[in-house]
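**Q** The following file, work-v1.txt, comprises compact mmCIF, C-alpha atoms:
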# COMPACT_ATOMS: atom_id res chain seq x y z
CA MET Y 651 -2.87 -5.69 4.26
CA ARG Y 652 -4.56 -2.88 6.12
CA LEU Y 653 -7.98 -3.42 7.53
CA HIS Y 654 -10.56 -0.67 7.43
CA ARG Y 655 -13.77 -0.60 9.29
CA THR Y 656 -16.49 0.09 6.80
CA SER Y 657 -19.61 -0.58 8.80
CA GLY Y 658 -20.92 -1.92 12.06
CA PRO Y 659 -21.81 -0.49 15.41
CA SER Y 660 -19.91 2.39 16.84
CA PHE Y 661 -18.77 1.75 20.41
CA LYS Y 662 -19.25 5.42 21.13
CA GLU Y 663 -22.91 5.07 20.49
CA GLY Y 664 -23.37 2.36 23.10
CA PRO Y 665 -26.29 -0.03 22.88
CA ARG Y 666 -29.03 1.19 20.62
CA VAL Y 667 -32.48 1.55 22.03
CA LYS Y 668 -34.21 -1.41 20.54
CA GLY Y 669 -37.57 -2.21 20.18
CA LYS Y 670 -40.68 -0.73 21.21
CA HIS Y 671 -42.03 2.41 19.70
CA ILE Y 672 -44.68 4.32 21.57
CA PHE Y 673 -46.66 6.88 19.62
CA VAL Y 674 -47.61 9.99 21.57
CA ASP Y 675 -49.64 13.09 20.82
CA TYR Y 676 -47.27 15.97 21.56
CA ASN Y 677 -50.21 18.38 21.69
CA ARG Y 678 -51.16 16.58 24.88
CA ILE Y 679 -47.77 16.16 26.56
CA GLY Y 680 -45.65 19.05 25.29
CA TYR Y 681 -42.12 18.97 26.68
CA ALA Y 682 -43.04 16.82 29.69
CA LYS Y 683 -40.31 14.43 30.76
CA ARG Y 684 -42.80 12.18 32.52
CA PHE Y 685 -46.27 11.63 31.19
CA ARG Y 686 -49.10 9.16 30.83
CA THR Y 687 -50.23 8.20 27.37
CA PRO Y 688 -52.73 5.81 25.79
CA VAL Y 689 -50.99 2.83 24.19
CA PHE Y 690 -52.04 1.12 20.98
CA LYS Y 691 -52.67 -2.62 21.07
CA ASP Y 692 -49.72 -3.37 18.80
CA GLU Y 693 -47.41 -1.48 21.17
CA ARG Y 694 -48.47 -3.29 24.34
CA ASP Y 695 -46.72 -6.63 24.05
CA GLY Y 696 -43.85 -6.79 26.54
CA LEU Y 697 -44.50 -3.33 27.89
CA ALA Y 698 -43.54 -3.31 31.58
CA PRO Y 699 -41.79 -1.05 34.07
CA GLY Y 700 -38.14 -0.58 33.15
CA VAL Y 701 -38.54 -1.44 29.48
CA ALA Y 702 -36.74 0.92 27.10
CA VAL Y 703 -38.91 2.48 24.43
CA THR Y 704 -38.56 4.95 21.61
CA VAL Y 705 -41.11 7.72 21.83
CA ILE Y 706 -42.34 8.92 18.47
CA GLY Y 707 -44.81 11.57 17.36
CA ASP Y 708 -45.42 14.30 14.85
CA ASP Y 709 -42.46 16.47 13.89
CA VAL Y 710 -40.31 15.66 16.93
CA ASP Y 711 -37.16 13.53 16.71
CA PRO Y 712 -37.55 10.09 18.31
CA GLN Y 713 -36.68 10.17 21.99
CA GLU Y 714 -35.39 7.44 24.26
CA GLY Y 715 -37.75 6.69 27.09
CA ARG Y 716 -38.37 4.18 29.82
CA VAL Y 717 -41.63 2.73 31.05
CA LEU Y 718 -42.41 3.65 34.64
CA SER Y 719 -45.75 1.91 34.93
CA VAL Y 720 -48.49 0.30 32.90
CA SER Y 721 -52.17 0.38 33.76
CA GLU Y 722 -53.79 -2.91 34.72
CA ASP Y 723 -55.67 -3.14 31.43
CA GLY Y 724 -52.55 -2.25 29.45
CA ARG Y 725 -54.24 0.69 27.76
CA GLU Y 726 -52.10 3.37 29.32
CA ALA Y 727 -48.45 3.71 30.27
CA GLU Y 728 -46.40 6.19 32.23
CA ILE Y 729 -43.23 7.03 30.36
CA GLU Y 730 -40.11 8.90 31.36
CA ILE Y 731 -37.91 10.51 28.73
CA VAL Y 732 -34.33 9.55 29.52
CA HIS Y 733 -32.58 11.14 26.55
CA ARG Y 734 -33.70 13.85 24.19
CA MET E 77 -56.35 12.82 30.91
CA GLY E 78 -59.86 14.03 30.14
CA VAL E 79 -61.74 16.47 27.95
CA GLU E 80 -64.22 19.16 28.96
CA LEU E 81 -66.39 21.14 26.60
CA ARG E 82 -66.43 24.92 27.14
CA GLY E 83 -69.52 26.95 26.43
CA GLU E 84 -68.87 28.48 23.05
CA VAL E 85 -66.22 28.97 20.38
CA GLU E 86 -64.53 32.15 21.56
CA LEU E 87 -63.09 33.03 18.17
CA HIS E 88 -63.80 35.79 15.68
CA ALA E 89 -63.19 35.75 11.93
CA ASP E 90 -59.88 37.63 12.14
CA ASP E 91 -58.48 35.66 15.06
CA GLU E 92 -55.46 33.51 14.34
CA VAL E 93 -55.56 29.77 14.89
CA VAL E 94 -52.36 27.73 15.12
CA ILE E 95 -51.75 24.07 14.38
CA HIS E 96 -48.54 22.11 14.81
CA MET E 97 -47.75 19.97 11.82
CA GLY E 98 -44.68 18.22 10.53
CA ALA E 99 -43.74 16.46 7.32
CA GLY E 100 -45.83 13.42 8.14
CA ALA E 101 -48.71 15.43 9.43
CA VAL E 102 -51.55 13.63 7.66
CA GLU E 103 -50.52 10.26 9.08
CA THR E 104 -49.65 11.47 12.57
CA VAL E 105 -52.71 13.70 12.88
CA THR E 106 -54.85 10.71 11.93
CA THR E 107 -53.05 8.48 14.41
CA SER E 108 -53.51 11.03 17.19
CA ALA E 109 -57.22 11.29 16.38
CA ILE E 110 -57.55 7.53 16.79
CA LEU E 111 -55.39 7.48 19.92
CA ASN E 112 -57.58 10.07 21.66
CA TRP E 113 -60.99 8.95 20.31
CA HIS E 114 -62.22 7.40 23.57
CA GLN E 115 -61.43 10.53 25.60
CA TYR E 116 -64.46 12.20 24.01
CA ARG E 117 -66.95 9.65 25.27
CA GLY E 118 -70.01 11.45 26.61
CA ILE E 119 -69.29 14.76 24.93
CA LYS E 120 -72.37 15.74 22.92
CA ASP E 121 -73.66 12.22 23.67
CA ARG E 122 -70.95 10.68 21.52
CA ARG E 123 -69.16 7.37 22.13
CA GLY E 124 -65.97 9.02 20.96
CA ALA E 125 -64.70 11.59 18.50
CA PHE E 126 -61.88 11.92 16.01
CA THR E 127 -60.33 15.28 16.67
CA VAL E 128 -57.42 17.50 15.71
CA SER E 129 -55.99 19.99 18.20
CA VAL E 130 -55.60 23.64 17.32
CA PHE E 131 -54.96 26.68 19.49
CA GLY E 132 -56.33 30.20 19.22
CA ALA E 133 -53.91 33.09 19.55
CA ILE E 134 -56.46 34.94 21.63
CA LYS E 135 -57.06 36.21 25.15
CA ASP E 136 -53.73 36.27 26.99
CA VAL E 137 -52.04 33.75 24.68
CA SER E 138 -49.84 34.82 21.75
CA GLU E 139 -48.78 32.78 18.73
CA ARG E 140 -45.31 32.63 20.26
CA ASP E 141 -46.70 31.19 23.49
CA ILE E 142 -48.39 28.41 21.53
CA ILE E 143 -45.27 27.63 19.52
CA ASP E 144 -42.88 27.79 22.47
CA ARG E 145 -44.88 25.45 24.69
CA LEU E 146 -44.97 22.60 22.21
CA PRO E 147 -41.98 20.68 20.84
CA GLN E 148 -42.94 20.31 17.18
CA LYS E 149 -40.51 21.99 14.78
CA GLN E 150 -43.13 23.40 12.43
CA PHE E 151 -46.53 24.98 12.60
CA GLY E 152 -49.22 26.47 10.42
CA ARG E 153 -51.59 29.36 10.95
CA ALA E 154 -55.01 30.29 9.60
CA SER E 155 -57.63 32.87 10.36
CA TYR E 156 -60.68 31.53 12.12
CA GLY E 157 -62.76 32.86 9.21
CA ASP E 158 -60.86 30.70 6.71
CA LEU E 159 -60.88 27.72 9.06
CA LYS E 160 -64.62 28.03 9.57
CA THR E 161 -65.22 28.12 5.82
CA THR E 162 -63.11 24.99 5.36
CA CYS E 163 -64.93 23.27 8.18
CA GLU E 164 -68.31 24.07 6.67
CA GLN E 165 -67.24 22.80 3.26
CA ALA E 166 -65.60 19.62 4.59
CA HIS E 167 -68.29 18.88 7.21
CA LEU E 168 -65.93 19.39 10.12
CA ASP E 169 -67.05 20.70 13.47
CA ILE E 170 -65.22 22.97 15.90
CA TRP E 171 -65.48 22.35 19.62
CA PRO E 172 -64.04 24.56 22.33
CA THR E 173 -62.39 21.95 24.53
CA THR E 174 -60.12 21.90 27.54
CA ILE E 175 -57.83 18.92 27.95
CA THR E 176 -57.56 18.18 31.65
CA ASP E 177 -54.97 16.38 33.75
CA THR E 178 -52.20 16.61 31.19
CA GLY E 179 -49.61 16.63 33.96
CA ASN E 180 -47.79 19.48 32.23
CA GLU E 181 -48.22 22.98 33.59
CA GLU E 182 -47.13 24.64 30.35
CA ILE E 183 -49.70 22.71 28.34
CA GLU E 184 -52.38 23.50 30.91
CA LYS E 185 -51.74 27.22 30.31
CA LEU E 186 -52.94 26.78 26.71
CA GLN E 187 -56.10 24.87 27.43
CA HIS E 188 -58.44 27.88 27.61
CA VAL E 189 -57.56 28.56 23.96
CA HIS E 190 -57.59 24.92 22.82
CA PHE E 191 -60.09 23.84 20.19
CA ASP E 192 -60.79 20.51 18.59
CA ILE E 193 -61.61 20.19 14.94
CA VAL E 194 -63.94 17.22 14.81
CA LEU E 195 -63.59 14.96 11.80
CA PRO E 196 -66.74 13.45 10.27
CA ASP E 197 -67.08 9.82 11.31
CA ASP E 198 -70.07 8.71 9.27
CA ALA E 199 -67.75 6.71 6.97
CA VAL E 200 -65.98 5.09 9.91
CA ASP E 201 -67.29 1.89 11.41
CA THR E 202 -66.58 1.96 15.13
CA ALA E 203 -69.52 -0.24 16.07
CA GLY E 204 -68.96 -1.94 19.38
CA ALA E 205 -65.76 -0.05 20.05
CA ASP E 206 -65.07 1.20 23.53
CA ASN E 207 -61.50 2.27 22.94
CA LEU E 208 -59.88 2.18 19.51
CA THR E 209 -56.42 1.63 20.98
CA ASP E 210 -57.63 -1.95 21.54
CA TRP E 211 -57.71 -2.46 17.79
CA SER E 212 -54.72 -3.78 15.87
CA ASP E 213 -52.98 -1.81 13.15
CA ASP E 214 -54.73 -4.01 10.60
CA ASP E 215 -58.12 -3.28 12.14
CA LEU E 216 -57.35 0.43 12.13
CA ARG E 217 -56.30 0.61 8.49
CA PRO E 218 -59.84 1.27 7.15
CA VAL E 219 -60.36 3.84 9.89
CA ARG E 220 -57.24 5.70 8.78
CA GLU E 221 -58.33 5.55 5.16
CA ALA E 222 -61.78 6.88 6.00
CA LEU E 223 -60.38 9.79 8.01
CA ARG E 224 -57.62 10.75 5.60
CA PRO E 225 -59.60 12.95 3.15
CA SER E 226 -60.90 15.14 5.97
CA VAL E 227 -57.44 15.52 7.47
CA VAL E 228 -56.02 16.50 4.08
CA ASP E 229 -58.77 19.12 3.64
CA LEU E 230 -58.16 20.48 7.12
CA LEU E 231 -54.38 20.77 6.88
CA GLU E 232 -54.65 22.58 3.56
CA VAL E 233 -56.04 25.70 5.22
CA PHE E 234 -53.00 25.90 7.50
CA LYS E 235 -50.45 25.98 4.69
CA PRO E 236 -47.73 27.00 4.25
CA ARG E 237 -46.01 25.02 6.97
CA LEU E 238 -43.66 27.36 8.83
CA PRO E 239 -40.47 26.57 10.76
CA LYS E 240 -40.49 27.25 14.45
CA PRO E 241 -38.54 30.47 15.13
CA ARG E 242 -35.04 30.06 16.53
CA GLY E 243 -34.92 30.03 20.27
CA GLY E 244 -38.40 28.58 20.38
Translate this structure into structure tokens?
**A**
Amino acid sequence: MRLHRTSGPSFKEGPRVKGKHIFVDYNRIGYAKRFRTPVFKDERDGLAPGVAVTVIGDDVDPQEGRVLSVSEDGREAEIEIVHR
Amino acid sequence: MGVELRGEVELHADDEVVIHMGAGAVETVTTSAILNWHQYRGIKDRRGAFTVSVFGAIKDVSERDIIDRLPQKQFGRASYGDLKTTCEQAHLDIWPTTITDTGNEEIEKLQHVHFDIVLPDDAVDTAGADNLTDWSDDDLRPVREALRPSVVDLLEVFKPRLPKPRGG
């Protein structure tokens, strides 16, 4: 019997960026690799420096990012794009 | 990031106005308007404003400059005359606004031709709100629904949606 892989994670892909989606307004940040953005309440839970996020917005493919800092009140985060 | 109001709308009827809009434009434009609402506190004595960014291809800025400096894959264009007519019919306002402290030099270069289309908010209950990003998705659902018809009216004038030129 020959076994075929029909589904499952590809090792080439490495670990998928899980989790948190951060919505941004690209009219405000353009192509910036580091930027500050307001953060919606439902996006704030667990947001902390070093956390991987997926940056989403109008008409731009999702991008992998990392949180650099979060404001004290949690309303704003500084994000760095790590992979376009 | 902040917002400053310039003196007057520096557009004439034949001037071209550009908007960036993708397939999910109605939803994302609405979400952006909510995300940025609090940044307009104090402008025209408002507590906030629901706005949509557009750029004028005027002064030293060409349509290509506007398209190249933003990452969206599609855009739409309209004459200011047509946009103004739509705004009057749909009770939208146009503010000449400069977004400050974006942290992006290329975006800053567009700010003297940036305009906000202001969505009517009389059907939106923001009583007591300081910053709408503090509201949950569930709380924001009626806000989205109230804003949607205006966004649909606005985006219509910018059709057809055009692909960004290659190399842009």
**Q** Determine, counting only C-alpha atoms, which protein, DNA and RNA residues have an atom within 6 Å of an atom of stretch 184-194 of chain E; residues of the same chain fewer than 6 positions away are not included. Present the result as a compact mmCIF listing (two decimals) with C-alpha atoms, in the frame of the given file.
**A**
# COMPACT_ATOMS: atom_id res chain seq x y z
CA PHE E 126 -61.88 11.92 16.01
CA THR E 127 -60.33 15.28 16.67
CA VAL E 128 -57.42 17.50 15.71
CA SER E 129 -55.99 19.99 18.20
CA VAL E 130 -55.60 23.64 17.32
CA PHE E 131 -54.96 26.68 19.49
CA GLY E 132 -56.33 30.20 19.22
CA LEU E 168 -65.93 19.39 10.12
CA ASP E 169 -67.05 20.70 13.47
CA ILE E 170 -65.22 22.97 15.90
CA TRP E 171 -65.48 22.35 19.62
CA PRO E 172 -64.04 24.56 22.33
CA THR E 173 -62.39 21.95 24.53
CA THR E 174 -60.12 21.90 27.54
**Q** Please, which residues of chain Y lie no more than 7 Å from chain E when the count uses only C-alpha atoms, and can they be set out as an NGL selection string?
**A** :Y and (675 or 677-682 or 685 or 688-692 or 707-710)
**Q** Please determine the residues with any atom at most 12 Å from (-42.0, -3.7, 24.7) (coordinates as given in the file, with all atoms listed in the file counting) and report them as number ranges by chain.
**A** Y: 667-672, 689-705, 715-717, 720, 724, 727
**Q** If you measure from atom CA of Y:Phe673 to atom CA of Y:Ile706, what distance in Å do you get, rounded to one decimal?
**A**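 Distance between the two atoms: 4.9 Å.
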**Q** At what distance in Å, to one decimal, does atom CA of E:Glu164 lie from atom CA of E:Ile142?
**A** 25.2 Å
**Q** So how many Å separate atom CA of E:Val233 and atom CA of E:Arg122, to one decimal?
**A**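 Pair atom CA of E:Val233 / atom CA of E:Arg122 returns 26.7 Å.
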**Q** Would you kindly return, as an MDAnalysis selection string, each protein, DNA or RNA residue with an atom no farther than 7 Å from any atom of stretch 224-227 of chain E, considering all atoms listed in the file and excluding same-chain residues fewer than 3 positions away?
**A** chainID E and resid 102 106 166 195 220:221 230:231
**Q** Would you export the selected residues with C-alpha atoms as a PDB file, in the coordinates of the input, please?
**A**
ATOM      1  CA  VAL E 102     -51.550  13.630   7.660  1.00  0.00           C
ATOM      2  CA  THR E 106     -54.850  10.710  11.930  1.00  0.00           C
ATOM      3  CA  ALA E 166     -65.600  19.620   4.590  1.00  0.00           C
ATOM      4  CA  LEU E 195     -63.590  14.960  11.800  1.00  0.00           C
ATOM      5  CA  ARG E 220     -57.240   5.700   8.780  1.00  0.00           C
ATOM      6  CA  GLU E 221     -58.330   5.550   5.160  1.00  0.00           C
ATOM      7  CA  LEU E 230     -58.160  20.480   7.120  1.00  0.00           C
ATOM      8  CA  LEU E 231     -54.380  20.770   6.880  1.00  0.00           C
TER       9      LEU E 231
END
**Q** Step by step, gather every atom of stretch 669-685 of chain Y that the file lists, find the box along x, y and z that holds them, add 8 Å on each side, and finally give centre and edge lengths in Å to one decimal, as AutoDock Vina command-line options.
**A**
--center_x -44.4 --center_y 8.4 --center_z 26.1 --size_x 29.6 --size_y 37.3 --size_z 28.9
